[in-house]
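**Q** Handing you a structure now.
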Amino acid sequence: MPELPEVETIRRDLEPRLVGRRFTRVEIAPDRVPVLQGIDEATFREGVAGARIEALSRRGKFLIIDLDTGAKLVVHLRMTGKLLLPDAPLTGHLRATFTLDDGSTLRFTDLRKFGRLWLVDSLSPLFDNIGPEPLTEGFGLEALSAALLNRKAAVKSVILDQRRIAGIGNIYADEALFEAGIMPARLGGGLSAEEVVRLHSAIRTVLLRGVESRGASFRDYLDAEGQSGSMQMYVKVFRRTGKPCYVCGTAIERCRIGGRSTHYCPVCQR
DNA sequence: CTTATTCCCTGATTGC
DNA sequence: TGCAATCAGGGAATAA
């Protein structure tokens, strides 16, 4: 499940390999499930083939490839999507192949076929409702307070909501709440000022650790070279149900919040 | 506006 | 042992 740290790792790996190159050919693998969002195949191919890549950026879990035509190729990997460079072995279902002017390819594969591609002239309206980036300087305490203000949903659901904060998925939500010592089922608007401070710091800590570890590979995630990340080795609660808490030894518990598996220490998190 | 639930998708895992 | 049911989860759609 590529979340902010995983998408950022892919962005950093792809940047030196793609910027300055030109797409020469685009091939969409025929499939019952569409991979292109809001654009037909011919228009997409015409808009990408021949275009030079100027920059790679990220917004939440979206990867953005700026083209010299002014258009932007946007990728969302969702659950099992991968962007693979030539040396990486092919895993999952091939959804699209982009050939570059140096003869190399960038392949988009996706086992569960939830991932999507867009080609847009403007990032609006696609990104209109995405919340603040938690690793930028602009993400201060006030930004998190505003996201949580008066929320009656579980704090975990609030931080998973991409409209409130960008880039957090199930792994980093559980880890951030453990790091902050907050029970995931607590109401978002019910945290004390002190707890908001702890959560703010915890979100940044776990996301930064994720980026430094090149992402978490539990089942599916692989970077652009086809390599695993190592964040799963530093994870303290996610998928550790029944195992002892590293801090107090109590068995990690699991529940369901907002339809998502949620892992927590019943003693360390209040 | 809010929150909660269902659905999409397929390979792995669980249950009888 | 074998096959069916369940699980995993990001986000859109839908319900309330």
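Order determines the names: the first chain of the structure tokens is A, the second B, and so forth; residues in each chain are numbered 1 upward, and ligands are numbered 1 upward as they are shown.
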Report as an MDAnalysis selection string all protein, DNA and RNA residues lying within 10 Å of Ser201 of chain A, evaluated on only C-alpha atoms (C1' of nucleotides), omitting residues in the same chain fewer than 2 positions from it.
**A** chainID A and resid 140:141 176 179:180 195:199 203:206
**Q** Write out as a ChimeraX atom specification which residues come within 7 Å of Met183 of chain A when counting only C-alpha atoms (C1' of nucleotides), dropping same-chain ones fewer than 2 positions away.
**A** /A:177,181,185-186,269-270
**Q** Just need the residues of chain A within 10 Å of chain B, counting only C-alpha atoms (C1' of nucleotides), so spit them out as a PyMOL selection string.
**A** chain A and resi 33+79+92+111-114+151-154+157+219+258-259
**Q** Define the interface residues of chain A facing chain C as those within 10 Å, counting only C-alpha atoms (C1' of nucleotides), and report them as JSON, numbers by chain.
**A** {"A": [1, 2, 3, 61, 76, 77, 78, 79, 80, 114, 115, 160, 161, 162, 169, 170, 219, 259, 260, 261]}
**Q** Just the helix (DSSP H, G or I) stuff from segment 153-202 of chain A, please, per backbone DSSP, written as a PyMOL selection string.
**A** chain A and resi 155-160+170-180+188-190+193-202
**Q** Taking 2 positions as the minimum chain separation for residues in the same chain, which residues sit within 7 Å of Val75 of chain A when counting only C-alpha atoms (C1' of nucleotides)? Answer as a list of chain:residue names.
**A**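 Contacts, in chain order: A:Phe62, A:Leu63, A:Ile64, A:Leu73, A:Leu77, A:Arg116, A:Leu117, A:Trp118.
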**Q** Using DSSP on the backbone, list every residue of segment 7-225 of chain A that comes out as strand (DSSP E or B), and give them as a VMD selection string.
**A** chain A and resid 22 to 28 36 52 to 59 62 to 67 72 to 76 81 to 84 94 to 100 105 to 110 116 to 120 154 187
**Q** Would you output that residue set with N, CA and C atoms, as a compact mmCIF listing (two decimals), in the first residue's frame?
**A**
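Result file part-v7.txt:
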```
# COMPACT_ATOMS: atom_id res chain seq x y z
N ARG A 22 12.37 11.91 -23.17
CA ARG A 22 11.16 12.11 -23.93
C ARG A 22 10.41 10.79 -24.03
N PHE A 23 9.10 10.80 -23.88
CA PHE A 23 8.31 9.58 -24.11
C PHE A 23 8.21 9.38 -25.62
N THR A 24 8.49 8.18 -26.08
CA THR A 24 8.37 7.94 -27.52
C THR A 24 7.14 7.11 -27.85
N ARG A 25 6.67 6.33 -26.88
CA ARG A 25 5.59 5.39 -27.17
C ARG A 25 4.82 5.08 -25.89
N VAL A 26 3.53 4.91 -26.01
CA VAL A 26 2.69 4.55 -24.87
C VAL A 26 1.81 3.37 -25.27
N GLU A 27 1.78 2.37 -24.42
CA GLU A 27 0.94 1.21 -24.71
C GLU A 27 0.07 0.91 -23.51
N ILE A 28 -1.23 0.92 -23.71
CA ILE A 28 -2.16 0.58 -22.63
C ILE A 28 -2.57 -0.88 -22.82
N LEU A 36 -7.20 4.32 -17.45
CA LEU A 36 -7.21 5.77 -17.71
C LEU A 36 -8.45 6.38 -17.11
N ARG A 52 8.39 15.79 -23.62
CA ARG A 52 9.59 15.71 -22.80
C ARG A 52 9.22 15.86 -21.33
N ILE A 53 9.89 15.12 -20.46
CA ILE A 53 9.59 15.16 -19.03
C ILE A 53 10.41 16.25 -18.37
N GLU A 54 9.72 17.16 -17.71
CA GLU A 54 10.41 18.30 -17.10
C GLU A 54 10.63 18.16 -15.61
N ALA A 55 9.70 17.52 -14.91
CA ALA A 55 9.83 17.43 -13.45
C ALA A 55 8.94 16.32 -12.91
N LEU A 56 9.33 15.81 -11.73
CA LEU A 56 8.49 14.85 -11.02
C LEU A 56 8.18 15.43 -9.64
N SER A 57 6.92 15.41 -9.27
CA SER A 57 6.58 15.89 -7.94
C SER A 57 5.54 14.95 -7.34
N ARG A 58 5.18 15.24 -6.10
CA ARG A 58 4.23 14.39 -5.38
C ARG A 58 3.25 15.26 -4.62
N ARG A 59 2.01 14.84 -4.59
CA ARG A 59 1.01 15.54 -3.76
C ARG A 59 0.23 14.44 -3.06
N PHE A 62 -0.34 11.01 -4.72
CA PHE A 62 -0.28 11.15 -6.19
C PHE A 62 1.14 11.46 -6.63
N LEU A 63 1.56 10.86 -7.75
CA LEU A 63 2.82 11.21 -8.40
C LEU A 63 2.47 12.03 -9.64
N ILE A 64 3.20 13.13 -9.84
CA ILE A 64 2.89 14.04 -10.94
C ILE A 64 4.11 14.17 -11.85
N ILE A 65 3.91 13.91 -13.14
CA ILE A 65 4.99 14.04 -14.11
C ILE A 65 4.66 15.22 -15.02
N ASP A 66 5.46 16.29 -14.90
CA ASP A 66 5.25 17.50 -15.71
C ASP A 66 5.84 17.30 -17.09
N LEU A 67 5.04 17.58 -18.11
CA LEU A 67 5.51 17.45 -19.49
C LEU A 67 5.76 18.83 -20.09
N LYS A 72 0.12 17.39 -17.54
CA LYS A 72 0.68 16.63 -16.42
C LYS A 72 0.13 15.22 -16.43
N LEU A 73 1.06 14.28 -16.37
CA LEU A 73 0.70 12.87 -16.26
C LEU A 73 0.66 12.55 -14.77
N VAL A 74 -0.53 12.18 -14.29
CA VAL A 74 -0.71 11.94 -12.85
C VAL A 74 -0.96 10.46 -12.62
N VAL A 75 -0.30 9.91 -11.60
CA VAL A 75 -0.40 8.48 -11.29
C VAL A 75 -0.84 8.31 -9.84
N HIS A 76 -1.82 7.43 -9.63
CA HIS A 76 -2.15 7.01 -8.26
C HIS A 76 -2.05 5.49 -8.22
N GLY A 81 -0.41 -0.85 -7.07
CA GLY A 81 0.21 -0.32 -8.28
C GLY A 81 1.72 -0.17 -8.12
N LYS A 82 2.45 -0.36 -9.21
CA LYS A 82 3.90 -0.18 -9.19
C LYS A 82 4.34 0.54 -10.45
N LEU A 83 5.40 1.34 -10.34
CA LEU A 83 6.04 1.93 -11.51
C LEU A 83 7.42 1.31 -11.57
N LEU A 84 7.68 0.52 -12.59
CA LEU A 84 8.90 -0.27 -12.62
C LEU A 84 9.87 0.16 -13.72
N LEU A 94 0.30 -6.17 -16.00
CA LEU A 94 0.81 -5.01 -16.73
C LEU A 94 -0.37 -4.16 -17.19
N ARG A 95 -0.34 -2.87 -16.84
CA ARG A 95 -1.45 -1.97 -17.19
C ARG A 95 -1.06 -0.99 -18.28
N ALA A 96 0.21 -0.53 -18.25
CA ALA A 96 0.66 0.42 -19.27
C ALA A 96 2.18 0.36 -19.39
N THR A 97 2.67 0.58 -20.60
CA THR A 97 4.12 0.64 -20.82
C THR A 97 4.46 1.96 -21.51
N PHE A 98 5.38 2.71 -20.91
CA PHE A 98 5.85 3.98 -21.47
C PHE A 98 7.28 3.76 -21.95
N THR A 99 7.51 3.98 -23.24
CA THR A 99 8.87 3.84 -23.76
C THR A 99 9.50 5.23 -23.83
N LEU A 100 10.80 5.29 -23.47
CA LEU A 100 11.52 6.56 -23.44
C LEU A 100 12.50 6.64 -24.61
N THR A 105 12.17 1.61 -20.60
CA THR A 105 10.73 1.67 -20.42
C THR A 105 10.39 1.94 -18.96
N LEU A 106 9.20 2.48 -18.77
CA LEU A 106 8.62 2.62 -17.44
C LEU A 106 7.31 1.85 -17.53
N ARG A 107 7.19 0.81 -16.68
CA ARG A 107 5.97 -0.01 -16.72
C ARG A 107 5.11 0.24 -15.51
N PHE A 108 3.84 0.37 -15.74
CA PHE A 108 2.87 0.53 -14.66
C PHE A 108 2.15 -0.81 -14.52
N THR A 109 2.36 -1.47 -13.38
CA THR A 109 1.69 -2.76 -13.14
C THR A 109 0.81 -2.63 -11.92
N ASP A 110 -0.20 -3.49 -11.84
CA ASP A 110 -1.13 -3.36 -10.72
C ASP A 110 -1.93 -4.65 -10.55
N ARG A 116 -4.73 4.26 -11.08
CA ARG A 116 -5.24 5.01 -12.23
C ARG A 116 -4.22 6.00 -12.75
N LEU A 117 -4.39 6.36 -14.03
CA LEU A 117 -3.57 7.36 -14.70
C LEU A 117 -4.47 8.49 -15.19
N TRP A 118 -3.98 9.73 -15.09
CA TRP A 118 -4.70 10.88 -15.61
C TRP A 118 -3.73 11.65 -16.52
N LEU A 119 -4.26 12.36 -17.48
CA LEU A 119 -3.47 13.34 -18.23
C LEU A 119 -4.30 14.61 -18.20
N VAL A 120 -3.78 15.62 -17.51
CA VAL A 120 -4.57 16.84 -17.28
C VAL A 120 -3.78 18.09 -17.66
N ALA A 154 -13.72 9.02 14.48
CA ALA A 154 -12.52 8.54 15.17
C ALA A 154 -11.30 9.29 14.65
N LEU A 187 -12.39 10.33 19.59
CA LEU A 187 -12.97 11.26 18.62
C LEU A 187 -11.93 12.32 18.24
```
**Q** As an exercise, work out the distance from atom CA of Ala216 of chain A to atom CA of Ile171 of chain A in Å and give it to one decimal place.
**A**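 Atom CA of Ile171 of chain A lies 8.4 Å from atom CA of Ala216 of chain A.
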